[in-house]
Structure formats: structure tokens, C-alpha cells
Amino acid sequence: MKAIKTFYFPIFLVGALCTYTAQRFGWYVPELVNNYLNDFLCMPIVLKMCQYSVRFVRSDKTIVVPLTLKITLTLLFSFYFEYLLPIFAPRYTSDGLDVVAYFTGLLVFITLEGQWKVTRTTMV
């Protein structure tokens with residue numbers, strides 16, 4: 001499990017960048033990957049970057065972002081990208097399955113980080 005915890009972030013990041021690059025160049029991307037992979041990978045990537053940032057600022061490698069903040073960030077991403085942006089920018093569309101992908105990504109992040117039972121937390 002430690003190897004997975006060490007390498008999932010760069011793998012997720014490369015996967016998201018490859019998907020985005022393929023979309024930008026108009027290359028064929030399977031429909032499921034095209035529509036939902038980056039939404040699924042979004043929260044693990046964002047939350048890991050938040051965790052790195054908090055640990056760097058506080059100079060403490062044991063700090064964990066609280067579960068309530070993780071859920072709040074996921075709700076905010078869902079609200080912003082699936083409700084607000086589609087109202088104001090025609091480029092964006094609202095899709096309830098994207099919200100499911102965000103929350104599934106959150107669950108994957110919590111599982112990979114082993115943060116179901118947090119012993120040490122800090123408010124950011």
C-alpha cells in the first residue's frame with residue numbers, strides 16, 4: 001500500500017494531463033475517459049496539493065487536511081463547475097455524473113491516503 005500511496009499522485013497527474021492534451025489536439029479518447037476521467041482525478045490531485053502545501057507551510061509532514069474541509073472543497077468544486085459555470089459560460093455543461101466523479105475521487109483519495117481514521121488534524 002505504501003508504494004501505491006507514493007506513486008498514485010504522479011500517475012493521476014500524468015493521466016489527467018494526457019487526457020487533457022488528447023482532448024485539446026482532437027485525438028480520439030474513449031467516451032467514458034473523455035467525459036469523466038479528469039473529473040474523477042480532480043479531487044485527488046487538488047487535495048494532495050493542498051496537503052503538500054499545508055505540510056510545507058507548517059513544516060510538519062504529519063498534518064492531514066480535515067475530512068470536513070475535504071468534503072467542503074468537493075462540494076465547492078461541484079457547485080462551481082457543475083452549477084455556476086454552465087450558467088455563465090456556454091462552454092461548460094452541467095452533468096450530475098461529474099458530481100459523482102468528484103465524490104468518487106474524494107473517496108479514492110481518502111482511501112489511498114489511509115485517512116478514514118485521522119489521529120492528527122489541523123485546520124488550514
# chains A, B, ... in the order shown; residues from 1 in each chain; ligands from 1

call {"tool": "residues_around", "arguments": {"residues": "region 98-110 of chain A", "least_positions_apart": "6", "cutoff": "12 Å", "atoms": "only C-alpha atoms", "output": "ChimeraX atom specification"}}
result
/A:4-5,8-9,12,32-49,51,64-83,92,116-118

call {"tool": "atom_distance", "arguments": {"atom1": "CA of Thr6 (chain A)", "atom2": "CA of Arg55 (chain A)"}}
result
15.8 Å

call {"tool": "select_by_dssp", "arguments": {"residues": "chain A", "states": "helix (DSSP H, G or I)", "output": "number ranges by chain"}}
result
A: 2-25, 31-58, 67-88, 96-113

call {"tool": "atom_distance", "arguments": {"atom1": "CA of Leu97 (chain A)", "atom2": "CA of Glu31 (chain A)"}}
result
13.2 Å

call {"tool": "atom_distance", "arguments": {"atom1": "CA of Gln115 (chain A)", "atom2": "CA of Phe7 (chain A)"}}
result
16.8 Å

call {"tool": "closest_residue", "arguments": {"among": "A:Ser53, A:Arg91, A:Ile63, A:Lys2", "to": "Leu112 (chain A)", "atoms": "only C-alpha atoms"}}
result
A:Lys2
